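*Asks:* Next comes the structure file work.pdb, holding PDB, C-alpha atoms and all ligand atoms.
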ATOM      1  CA  MET A   1      88.437 119.202 121.943
ATOM      2  CA  ARG A   2      91.317 116.998 120.775
ATOM      3  CA  VAL A   3      90.553 114.745 117.830
ATOM      4  CA  ALA A   4      92.315 111.682 116.367
ATOM      5  CA  LEU A   5      91.747 111.597 112.630
ATOM      6  CA  ILE A   6      92.314 108.355 110.730
ATOM      7  CA  THR A   7      92.104 107.856 106.964
ATOM      8  CA  GLY A   8      91.589 104.325 105.653
ATOM      9  CA  ALA A   9      89.553 103.599 108.776
ATOM     10  CA  SER A  10      87.089 101.157 107.191
ATOM     11  CA  SER A  11      89.455  98.167 107.217
ATOM     12  CA  GLY A  12      92.877  96.810 108.084
ATOM     13  CA  LEU A  13      95.409  98.972 109.857
ATOM     14  CA  GLY A  14      93.014 101.931 110.056
ATOM     15  CA  VAL A  15      90.538  99.894 112.118
ATOM     16  CA  GLY A  16      93.404  98.652 114.272
ATOM     17  CA  PHE A  17      94.539 102.222 114.938
ATOM     18  CA  ALA A  18      90.994 103.266 115.839
ATOM     19  CA  ARG A  19      90.726 100.401 118.364
ATOM     20  CA  GLU A  20      94.123 101.014 119.905
ATOM     21  CA  ILE A  21      93.532 104.770 120.189
ATOM     22  CA  ALA A  22      90.098 104.230 121.762
ATOM     23  CA  GLU A  23      91.657 101.888 124.330
ATOM     24  CA  LYS A  24      95.011 103.445 125.081
ATOM     25  CA  GLU A  25      95.598 106.931 123.721
ATOM     26  CA  LYS A  26      95.411 109.685 126.320
ATOM     27  CA  ASN A  27      93.825 113.126 125.842
ATOM     28  CA  ILE A  28      91.768 112.241 122.781
ATOM     29  CA  ASP A  29      88.100 113.246 122.952
ATOM     30  CA  GLU A  30      86.843 112.037 119.604
ATOM     31  CA  ILE A  31      87.979 109.778 116.766
ATOM     32  CA  TRP A  32      87.194 110.815 113.194
ATOM     33  CA  LEU A  33      86.993 107.858 110.837
ATOM     34  CA  ILE A  34      87.561 108.507 107.136
ATOM     35  CA  ALA A  35      87.132 106.157 104.152
ATOM     36  CA  ARG A  36      84.734 105.634 101.244
ATOM     37  CA  ARG A  37      82.602 102.743 102.591
ATOM     38  CA  ARG A  38      80.159 104.380 105.002
ATOM     39  CA  GLU A  39      78.578 101.116 106.268
ATOM     40  CA  ARG A  40      81.981  99.768 107.181
ATOM     41  CA  LEU A  41      82.821 102.977 109.030
ATOM     42  CA  GLU A  42      79.515 102.710 110.896
ATOM     43  CA  GLN A  43      80.373  99.160 111.955
ATOM     44  CA  VAL A  44      83.807 100.271 113.147
ATOM     45  CA  ALA A  45      82.304 103.223 115.054
ATOM     46  CA  ALA A  46      79.699 100.967 116.703
ATOM     47  CA  SER A  47      82.411  98.577 117.871
ATOM     48  CA  LEU A  48      84.545 101.252 119.504
ATOM     49  CA  ASN A  49      82.748 102.445 122.634
ATOM     50  CA  PHE A  50      84.236 105.888 122.028
ATOM     51  CA  LYS A  51      82.896 109.155 120.631
ATOM     52  CA  THR A  52      83.377 109.030 116.870
ATOM     53  CA  ARG A  53      82.561 110.986 113.756
ATOM     54  CA  ILE A  54      82.197 109.275 110.403
ATOM     55  CA  ILE A  55      83.366 111.056 107.289
ATOM     56  CA  SER A  56      82.644 109.022 104.207
ATOM     57  CA  MET A  57      84.785 110.478 101.446
ATOM     58  CA  ASP A  58      87.115 109.611  98.610
ATOM     59  CA  VAL A  59      90.331 111.386  99.572
ATOM     60  CA  THR A  60      91.363 111.577  95.898
ATOM     61  CA  SER A  61      88.288 113.643  95.006
ATOM     62  CA  GLU A  62      88.897 117.385  94.844
ATOM     63  CA  GLU A  63      85.257 118.087  95.662
ATOM     64  CA  ALA A  64      85.403 115.861  98.753
ATOM     65  CA  ILE A  65      88.649 117.522  99.835
ATOM     66  CA  ASN A  66      87.050 120.977  99.605
ATOM     67  CA  GLU A  67      84.110 119.734 101.656
ATOM     68  CA  PHE A  68      86.468 118.268 104.237
ATOM     69  CA  GLU A  69      88.338 121.568 104.492
ATOM     70  CA  HIS A  70      85.001 123.220 105.234
ATOM     71  CA  THR A  71      84.219 120.542 107.866
ATOM     72  CA  LEU A  72      87.461 121.399 109.659
ATOM     73  CA  GLU A  73      86.752 125.140 109.539
ATOM     74  CA  THR A  74      83.248 124.571 110.909
ATOM     75  CA  ALA A  75      84.569 122.401 113.731
ATOM     76  CA  LYS A  76      87.027 125.131 114.692
ATOM     77  CA  SER A  77      84.487 127.941 114.614
ATOM     78  CA  ALA A  78      82.035 125.851 116.665
ATOM     79  CA  ASP A  79      84.679 125.076 119.270
ATOM     80  CA  GLN A  80      87.810 127.216 119.499
ATOM     81  CA  SER A  81      89.596 124.441 121.412
ATOM     82  CA  PHE A  82      89.238 122.105 118.386
ATOM     83  CA  ARG A  83      92.583 120.563 117.576
ATOM     84  CA  ILE A  84      93.882 117.488 115.722
ATOM     85  CA  GLY A  85      95.965 115.681 118.312
ATOM     86  CA  LEU A  86      96.762 112.716 116.112
ATOM     87  CA  PHE A  87      96.548 112.344 112.345
ATOM     88  CA  ILE A  88      97.032 108.842 110.993
ATOM     89  CA  ASN A  89      97.159 108.455 107.246
ATOM     90  CA  CYS A  90      96.392 104.844 106.371
ATOM     91  CA  ALA A  91      94.461 105.190 103.118
ATOM     92  CA  GLY A  92      96.527 103.554 100.438
ATOM     93  CA  TYR A  93      96.623 100.636  98.029
ATOM     94  CA  GLY A  94      98.963  98.725  95.770
ATOM     95  CA  LYS A  95      98.771  96.530  92.682
ATOM     96  CA  ILE A  96     101.140  93.690  91.945
ATOM     97  CA  GLY A  97     102.365  93.251  88.385
ATOM     98  CA  ASN A  98     104.841  94.632  85.898
ATOM     99  CA  TYR A  99     104.357  97.651  83.643
ATOM    100  CA  GLU A 100     102.060  95.601  81.370
ATOM    101  CA  LYS A 101      99.910  94.001  84.022
ATOM    102  CA  VAL A 102      99.067  97.004  86.164
ATOM    103  CA  SER A 103      96.528  99.119  84.306
ATOM    104  CA  ARG A 104      97.192 102.714  83.379
ATOM    105  CA  TYR A 105      94.326 103.712  85.691
ATOM    106  CA  ASP A 106      95.877 101.945  88.703
ATOM    107  CA  SER A 107      99.351 103.256  87.904
ATOM    108  CA  ALA A 108      98.038 106.820  88.056
ATOM    109  CA  HIS A 109      95.595 106.203  90.898
ATOM    110  CA  MET A 110      98.258 104.757  93.208
ATOM    111  CA  ILE A 111     100.094 108.059  92.832
ATOM    112  CA  ASP A 112      96.849 109.992  93.395
ATOM    113  CA  LEU A 113      96.039 108.135  96.620
ATOM    114  CA  ASN A 114      99.395 107.148  98.113
ATOM    115  CA  CYS A 115     101.145 110.432  97.298
ATOM    116  CA  LYS A 116      98.870 113.307  96.351
ATOM    117  CA  ALA A 117      95.966 112.613  98.703
ATOM    118  CA  ALA A 118      98.358 111.792 101.557
ATOM    119  CA  VAL A 119     100.048 115.180 101.154
ATOM    120  CA  ILE A 120      96.797 117.114 100.788
ATOM    121  CA  MET A 121      95.152 115.494 103.823
ATOM    122  CA  THR A 122      98.306 116.171 105.846
ATOM    123  CA  LEU A 123      98.417 119.804 104.733
ATOM    124  CA  LEU A 124      94.760 120.252 105.690
ATOM    125  CA  CYS A 125      95.409 118.879 109.192
ATOM    126  CA  ILE A 126      98.604 120.777 110.090
ATOM    127  CA  PRO A 127      96.917 124.179 110.729
ATOM    128  CA  TYR A 128      94.844 122.476 113.465
ATOM    129  CA  MET A 129      97.869 120.951 115.184
ATOM    130  CA  SER A 130     100.257 122.343 117.761
ATOM    131  CA  ALA A 131     103.098 121.290 120.077
ATOM    132  CA  GLY A 132     102.697 117.711 121.296
ATOM    133  CA  ASP A 133     100.417 116.654 118.418
ATOM    134  CA  ARG A 134     101.478 113.839 116.113
ATOM    135  CA  ILE A 135     101.329 112.773 112.487
ATOM    136  CA  VAL A 136     101.720 109.128 111.464
ATOM    137  CA  GLU A 137     102.101 108.348 107.767
ATOM    138  CA  ILE A 138     101.763 104.692 106.813
ATOM    139  CA  CYS A 139     104.513 104.150 104.293
ATOM    140  CA  SER A 140     105.937 100.679 103.657
ATOM    141  CA  THR A 141     109.085  98.593 103.746
ATOM    142  CA  SER A 142     108.884  98.906  99.958
ATOM    143  CA  ALA A 143     110.222 102.442 100.431
ATOM    144  CA  PHE A 144     113.656 100.948 101.179
ATOM    145  CA  GLN A 145     114.493  99.774  97.635
ATOM    146  CA  PRO A 146     113.175  99.689  94.061
ATOM    147  CA  LEU A 147     110.781  96.725  93.663
ATOM    148  CA  GLN A 148     110.181  95.383  90.172
ATOM    149  CA  HIS A 149     106.651  93.951  89.716
ATOM    150  CA  LEU A 150     105.467  96.185  92.566
ATOM    151  CA  ASN A 151     107.085  99.204  91.036
ATOM    152  CA  LEU A 152     104.413 101.886  91.121
ATOM    153  CA  TYR A 153     103.348 101.030  94.644
ATOM    154  CA  ALA A 154     106.924 100.921  95.957
ATOM    155  CA  SER A 155     107.812 104.144  94.161
ATOM    156  CA  SER A 156     104.759 105.887  95.630
ATOM    157  CA  LYS A 157     105.884 104.802  99.095
ATOM    158  CA  VAL A 158     109.419 106.133  98.475
ATOM    159  CA  PHE A 159     107.772 109.485  97.825
ATOM    160  CA  LEU A 160     105.656 109.278 100.977
ATOM    161  CA  TYR A 161     108.623 108.127 103.075
ATOM    162  CA  ASN A 162     110.864 110.996 101.943
ATOM    163  CA  TYR A 163     108.017 113.502 102.234
ATOM    164  CA  THR A 164     107.344 112.320 105.793
ATOM    165  CA  ARG A 165     110.998 112.438 106.851
ATOM    166  CA  ALA A 166     111.472 115.977 105.541
ATOM    167  CA  LEU A 167     108.126 117.185 106.911
ATOM    168  CA  ARG A 168     109.263 115.995 110.331
ATOM    169  CA  MET A 169     112.241 118.367 110.132
ATOM    170  CA  GLU A 170     110.009 121.237 109.014
ATOM    171  CA  LEU A 171     107.617 120.657 111.914
ATOM    172  CA  LEU A 172     110.283 120.168 114.608
ATOM    173  CA  PRO A 173     110.230 123.868 115.603
ATOM    174  CA  LYS A 174     106.469 123.625 116.145
ATOM    175  CA  GLY A 175     106.860 120.533 118.352
ATOM    176  CA  ILE A 176     104.665 118.402 116.069
ATOM    177  CA  VAL A 177     106.030 114.860 115.832
ATOM    178  CA  VAL A 178     105.974 113.119 112.447
ATOM    179  CA  THR A 179     106.609 109.378 112.111
ATOM    180  CA  ALA A 180     106.974 107.249 108.978
ATOM    181  CA  VAL A 181     105.669 103.719 109.583
ATOM    182  CA  CYS A 182     107.145 101.091 107.262
ATOM    183  CA  PRO A 183     105.532  97.663 107.658
ATOM    184  CA  TRP A 184     106.491  94.451 105.862
ATOM    185  CA  TRP A 185     103.541  92.420 104.458
ATOM    186  CA  VAL A 186     100.597  92.573 106.829
ATOM    187  CA  GLY A 187      98.623  89.368 106.321
ATOM    188  CA  ASP A 188      95.294  90.172 107.988
ATOM    189  CA  THR A 189      94.117  93.285 106.128
ATOM    190  CA  GLU A 190      92.450  93.700 102.724
ATOM    191  CA  PHE A 191      95.650  95.005 101.158
ATOM    192  CA  ILE A 192      97.087  91.762  99.706
ATOM    193  CA  GLY A 193      93.722  90.711  98.231
ATOM    194  CA  VAL A 194      93.387  94.084  96.505
ATOM    195  CA  ALA A 195      97.028  93.988  95.349
ATOM    196  CA  LYS A 196      96.667  90.540  93.765
ATOM    197  CA  ASN A 197      93.335  91.260  92.148
ATOM    198  CA  ASN A 198      94.147  92.504  88.717
ATOM    199  CA  GLU A 199      90.997  92.618  86.612
ATOM    200  CA  ALA A 200      92.767  92.872  83.305
ATOM    201  CA  ASN A 201      94.948  89.855  84.079
ATOM    202  CA  ALA A 202      92.750  87.683  86.283
ATOM    203  CA  ASN A 203      94.405  84.420  85.255
ATOM    204  CA  VAL A 204      97.972  85.584  85.130
ATOM    205  CA  ASN A 205     100.399  85.081  87.980
ATOM    206  CA  ALA A 206     100.751  88.745  88.798
ATOM    207  CA  GLY A 207     104.426  88.575  89.759
ATOM    208  CA  VAL A 208     104.710  87.876  93.486
ATOM    209  CA  ALA A 209     104.404  84.204  94.374
ATOM    210  CA  GLY A 210     103.797  84.492  98.114
ATOM    211  CA  PHE A 211     103.825  86.706 101.140
ATOM    212  CA  PRO A 212     106.214  85.022 103.572
ATOM    213  CA  LEU A 213     106.553  85.988 107.236
ATOM    214  CA  ALA A 214     103.603  88.370 107.051
ATOM    215  CA  THR A 215     103.005  90.405 110.206
ATOM    216  CA  LYS A 216      99.739  90.906 112.053
ATOM    217  CA  GLN A 217      97.768  94.139 111.932
ATOM    218  CA  LYS A 218      97.500  94.374 115.713
ATOM    219  CA  ASP A 219     101.284  94.121 116.239
ATOM    220  CA  VAL A 220     101.990  96.685 113.522
ATOM    221  CA  VAL A 221      99.526  99.154 115.055
ATOM    222  CA  ARG A 222     100.866  98.731 118.602
ATOM    223  CA  ARG A 223     104.479  99.171 117.564
ATOM    224  CA  ALA A 224     103.670 102.102 115.298
ATOM    225  CA  LEU A 225     101.804 103.982 118.029
ATOM    226  CA  ARG A 226     104.563 103.237 120.529
ATOM    227  CA  ALA A 227     107.119 104.709 118.113
ATOM    228  CA  SER A 228     104.935 107.768 117.513
ATOM    229  CA  ARG A 229     104.467 108.370 121.254
ATOM    230  CA  ALA A 230     108.228 108.042 121.729
ATOM    231  CA  GLY A 231     108.759 110.635 118.985
ATOM    232  CA  PHE A 232     110.619 108.344 116.563
ATOM    233  CA  ALA A 233     111.167 109.441 112.967
ATOM    234  CA  VAL A 234     110.704 105.925 111.575
ATOM    235  CA  SER A 235     108.869 102.857 112.813
ATOM    236  CA  THR A 236     109.759  99.457 111.399
ATOM    237  CA  PRO A 237     107.052  97.429 113.152
ATOM    238  CA  GLY A 238     108.459  93.899 112.964
ATOM    239  CA  PHE A 239     111.622  91.893 112.385
ATOM    240  CA  MET A 240     111.429  91.694 108.565
ATOM    241  CA  CYS A 241     110.970  95.421 107.963
ATOM    242  CA  PHE A 242     113.712  96.228 110.464
ATOM    243  CA  ILE A 243     116.133  93.901 108.648
ATOM    244  CA  HIS A 244     114.984  95.231 105.277
ATOM    245  CA  ARG A 245     115.706  98.794 106.375
ATOM    246  CA  MET A 246     119.177  97.848 107.655
ATOM    247  CA  LEU A 247     120.087  95.845 104.529
ATOM    248  CA  GLY A 248     118.785  98.661 102.331
ATOM    249  CA  LYS A 249     121.389 100.940 103.924
ATOM    250  CA  ILE A 250     124.394  98.684 103.316
ATOM    251  CA  ILE A 251     123.684  96.512 100.253
ATOM    252  CA  PRO A 252     123.807  98.095  96.779
ATOM    253  CA  ARG A 253     120.400  98.584  95.171
ATOM    254  CA  THR A 254     121.139  96.257  92.263
ATOM    255  CA  CYS A 255     121.879  93.401  94.702
ATOM    256  CA  MET A 256     118.732  94.232  96.697
ATOM    257  CA  MET A 257     116.668  93.967  93.512
ATOM    258  CA  TYR A 258     118.129  90.521  92.735
ATOM    259  CA  ILE A 259     117.363  89.383  96.285
ATOM    260  CA  TRP A 260     113.772  90.622  95.779
ATOM    261  CA  GLU A 261     113.708  88.736  92.460
ATOM    262  CA  LEU A 262     114.289  85.547  94.431
ATOM    263  CA  PHE A 263     111.749  86.463  97.099
ATOM    264  CA  ARG A 264     109.002  87.306  94.653
ATOM    265  CA  LYS A 265     109.486  84.107  92.641
ATOM    266  CA  VAL A 266     109.848  81.672  95.533
ATOM    267  CA  GLY A 267     107.448  83.406  97.933
TER     268      GLY A 267
HETATM  269  N1  LIG B 301      98.946  95.154 104.278
HETATM  270  C1  LIG B 301     100.199  95.249 103.889
HETATM  271  O1  LIG B 301     100.855  94.267 103.527
HETATM  272  C2  LIG B 301     100.880  96.610 103.952
HETATM  273  C3  LIG B 301     102.272  96.637 104.017
HETATM  274  C4  LIG B 301     102.915  97.866 104.053
HETATM  275  C5  LIG B 301     102.168  99.036 104.025
HETATM  276  N2  LIG B 301     100.804  98.983 103.945
HETATM  277  C6  LIG B 301     100.062 100.252 103.890
HETATM  278  O2  LIG B 301      99.168 100.312 104.981
HETATM  279  C7  LIG B 301      98.070 101.183 104.659
HETATM  280  C8  LIG B 301      96.779 100.512 105.100
HETATM  281  O3  LIG B 301      96.609  99.329 104.337
HETATM  282  P1  LIG B 301      95.885  98.043 104.928
HETATM  283  O4  LIG B 301      96.873  96.942 104.917
HETATM  284  O5  LIG B 301      95.173  98.355 106.163
HETATM  285  O6  LIG B 301      94.885  97.747 103.703
HETATM  286  P2  LIG B 301      93.305  97.832 103.577
HETATM  287  O7  LIG B 301      92.669  96.936 104.569
HETATM  288  O8  LIG B 301      93.033  97.603 102.122
HETATM  289  O9  LIG B 301      92.954  99.362 103.939
HETATM  290  C9  LIG B 301      93.027 100.410 103.015
HETATM  291  C10 LIG B 301      92.100 101.521 103.469
HETATM  292  O10 LIG B 301      92.211 102.630 102.564
HETATM  293  C11 LIG B 301      90.913 103.105 102.279
HETATM  294  N3  LIG B 301      90.889 103.762 100.972
HETATM  295  C12 LIG B 301      91.284 103.239  99.793
HETATM  296  N4  LIG B 301      91.087 104.118  98.812
HETATM  297  C13 LIG B 301      90.553 105.229  99.389
HETATM  298  C14 LIG B 301      90.122 106.486  98.890
HETATM  299  N5  LIG B 301      90.215 106.785  97.578
HETATM  300  N6  LIG B 301      89.605 107.391  99.746
HETATM  301  C15 LIG B 301      89.518 107.096 101.072
HETATM  302  N7  LIG B 301      89.921 105.935 101.607
HETATM  303  C16 LIG B 301      90.425 105.000 100.755
HETATM  304  C17 LIG B 301      90.044 101.852 102.294
HETATM  305  O11 LIG B 301      88.686 102.155 102.576
HETATM  306  P3  LIG B 301      87.503 102.294 101.505
HETATM  307  O12 LIG B 301      87.705 101.209 100.482
HETATM  308  O13 LIG B 301      86.275 102.107 102.342
HETATM  309  O14 LIG B 301      87.625 103.667 100.948
HETATM  310  C18 LIG B 301      90.643 101.114 103.482
HETATM  311  O15 LIG B 301      90.042 101.562 104.679
HETATM  312  C19 LIG B 301      98.180 101.459 103.159
HETATM  313  O16 LIG B 301      98.713 102.738 102.952
HETATM  314  C20 LIG B 301      99.170 100.416 102.660
HETATM  315  O17 LIG B 301      99.896 100.864 101.558
HETATM  316  C21 LIG B 301     100.135  97.796 103.925
END
Represent the supplied structure as structure tokens.
*Replies:*
Amino acid sequence: MRVALITGASSGLGVGFAREIAEKEKNIDEIWLIARRRERLEQVAASLNFKTRIISMDVTSEEAINEFEHTLETAKSADQSFRIGLFINCAGYGKIGNYEKVSRYDSAHMIDLNCKAAVIMTLLCIPYMSAGDRIVEICSTSAFQPLQHLNLYASSKVFLYNYTRALRMELLPKGIVVTAVCPWWVGDTEFIGVAKNNEANANVNAGVAGFPLATKQKDVVRRALRASRAGFAVSTPGFMCFIHRMLGKIIPRTCMMYIWELFRKVG
């Protein structure tokens, strides 16, 4: 049995990946949907017309992680052919604001979710993968430069981006393909709403005026899966993130941060 496992599957890109995999991905027998909101996962599962398994868990909880490890072991002992054909790590969040506006809790929790949980979930999946299987880590275009007023989020995605790139090299001999997906703003997910919502500073302009040229979830998912199937190391699913990646290679970081200063103020 070959499973596609998606974290962050209760909304946004995760739902998009579930739909696209159910429709187009070959040799997948079951999709495992992971997130905290069980009802949302149930709705997604019901809409898929594909065999699914719902795992409602907080990927930052050590207890939940231990339970999930046990779930994987049980699946393997029940069916020796059990294998994770595709692991897509979408769970992640960001908060807009400078060092004062983003709470200490969120500053630490972004690292817990976007970095630590991403690594741990990946490490749990690898033993069940073999040649031809694929890992997709949803990073961000924010990995291409330091971003003041989105600092913690961007820094966490730099970590995930570098981790993903190096993991790809480590897994090359095993034939497992690892792809870092780096989208620009995606307008039709819950991400921006969560990022802007800063309880401690509800009435303060958090620091990013607008989200110009936002991409659509469906396009990002399609391009990301295409890149993963083709075995690419990096997917920049859209014009803006492609340009951002290119400029990040040639323009000094200080200049990039001043360009971002303009972007975040004008929107
Ligand atoms: N949208 C953008 O502009 C954008 C741009 C670049 C990169 N990204 C990245 O894309 C990924 C997906 O974001 P999205 O745009 O699809 O946003 P989204 O709609 O907010 O989805 C985030 C998902 O993560 C899950 N999640 C959050 N905390 C979790 C936890 N502790 N345990 C388990 N699941 C958790 C959420 O489900 P529950 O709340 O049910 O747990 C939700 O399903 C993120 O990594 C984000 O950083 C987004």
*Asks:* May I ask you to write as number ranges by chain all residues lying at most 7 Å from ligand LIG 301 (chain B), with only C-alpha atoms and all ligand atoms counted?
*Replies:* A: 7-14, 34-37, 40, 57-60, 90-94, 113-114, 138-141, 182-187, 189-192, 194
*Asks:* Using the chain letters and residue numbers of this document, give as a list of chain:residue names the residues selected by the PyMOL selection byres (((chain A and resi 48) around 8) and not hetatm).
*Replies:*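 Listing what the PyMOL selection byres (((chain A and resi 48) around 8) and not hetatm) selects in the shown file: A:Ala18, A:Arg19, A:Ala22, A:Val44, A:Ala45, A:Ala46, A:Ser47, A:Asn49, A:Phe50.
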*Asks:* Carefully work through the PyMOL selection byres (((chain A and resi 112) around 12) and not hetatm) for this structure and note down the residues it includes, as a ChimeraX atom specification.
*Replies:* /A:58-62,91-94,105-111,113-121,152-153,156-157,159-160
*Asks:* Report the residues retrieved by the PyMOL selection byres (((chain A and resi 27) around 10) and not hetatm) from the displayed file, expressed as a PyMOL selection string.
*Replies:* chain A and resi 1-4+24-26+28-30+85
*Asks:* One decimal, in Å: what's the spacing between CA of Trp32 (chain A) and CA of Ser155 (chain A)?
*Replies:* 28.8 Å
*Asks:* Using only C-alpha atoms, pick whichever of A:Gln43, A:Ser228, A:Gln217, A:Thr164 has the shortest atom-to-atom distance to Leu86 (chain A).
*Replies:*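 Distance minimum relative to Leu86 (chain A) lands on A:Ser228.
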*Asks:* Counting only C-alpha atoms, which of A:His149, A:Val177, A:Leu167, A:Arg245 gets nearest to Arg264 (chain A)?
*Replies:*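 Distance minimum relative to Arg264 (chain A) lands on A:His149.
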*Asks:* I need the residue nearest Ile55 (chain A) from this list: A:Ile84, A:Met246, A:Ile6, A:Leu225. Use only C-alpha atoms for the distance.
*Replies:*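 The shortest atom-to-atom distance to Ile55 (chain A) comes from A:Ile6.
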*Asks:* List the spatial neighbours of Gly175 (chain A) as a list in words - criterion: any atom at most 6 Å away, only C-alpha atoms, same-chain residues fewer than 2 positions off excluded.
*Replies:*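 Here the qualifying residues turn out to be Ala131, Gly132, Leu172 and Pro173 of chain A.
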*Asks:* So that I can see what lies close to Glu73 (chain A), please list as a VMD selection string the residues with an atom at most 12 Å from it, counting all atoms listed in the file and leaving out residues fewer than 2 positions away in the same chain.
*Replies:* chain A and resid 66 to 71 75 to 80 82 to 83 124 to 125 127 to 128
*Asks:* Mind pulling up the distance from CA of Met257 (chain A) to CA of Leu147 (chain A)?
*Replies:*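 According to the coordinates, CA of Leu147 (chain A) and CA of Met257 (chain A) are separated by 6.5 Å.
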*Asks:* Quick one: pull the distance between CA of Asn197 (chain A) and CA of Ile88 (chain A), Å, one decimal.
*Replies:*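 Separation between CA of Asn197 (chain A) and CA of Ile88 (chain A): 26.0 Å.
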*Asks:* For region 265-267 of chain A, find every residue with an atom within 9 Å (counting only C-alpha atoms), except residues of its own chain fewer than 6 positions away, and show them as an MDAnalysis selection string.
*Replies:* chainID A and resid 207:212
*Asks:* Please produce a file of the residues just selected, as a short mmCIF file (atom, residue, chain, number, x, y, z; two decimals), in the frame of the given file, where the atoms kept are C-alpha atoms.
*Replies:*
data_model
loop_
_atom_site.label_atom_id
_atom_site.label_comp_id
_atom_site.auth_asym_id
_atom_site.auth_seq_id
_atom_site.Cartn_x
_atom_site.Cartn_y
_atom_site.Cartn_z
CA GLY A 207 104.43 88.58 89.76
CA VAL A 208 104.71 87.88 93.49
CA ALA A 209 104.40 84.20 94.37
CA GLY A 210 103.80 84.49 98.11
CA PHE A 211 103.82 86.71 101.14
CA PRO A 212 106.21 85.02 103.57
#
*Asks:* Any idea what's packed within 10 Å of region 229-233 of chain A, counting only C-alpha atoms, ignoring anything in its chain fewer than 3 positions away? Could you give it as a list in words?
*Replies:* Glu25, Gly132, Asp133, Arg134, Val136, Thr164, Arg165, Ala166, Arg168, Met169, Ile176, Val177, Val178, Thr179, Ala180, Val181, Arg223, Ala224, Leu225 and Arg226 of chain A
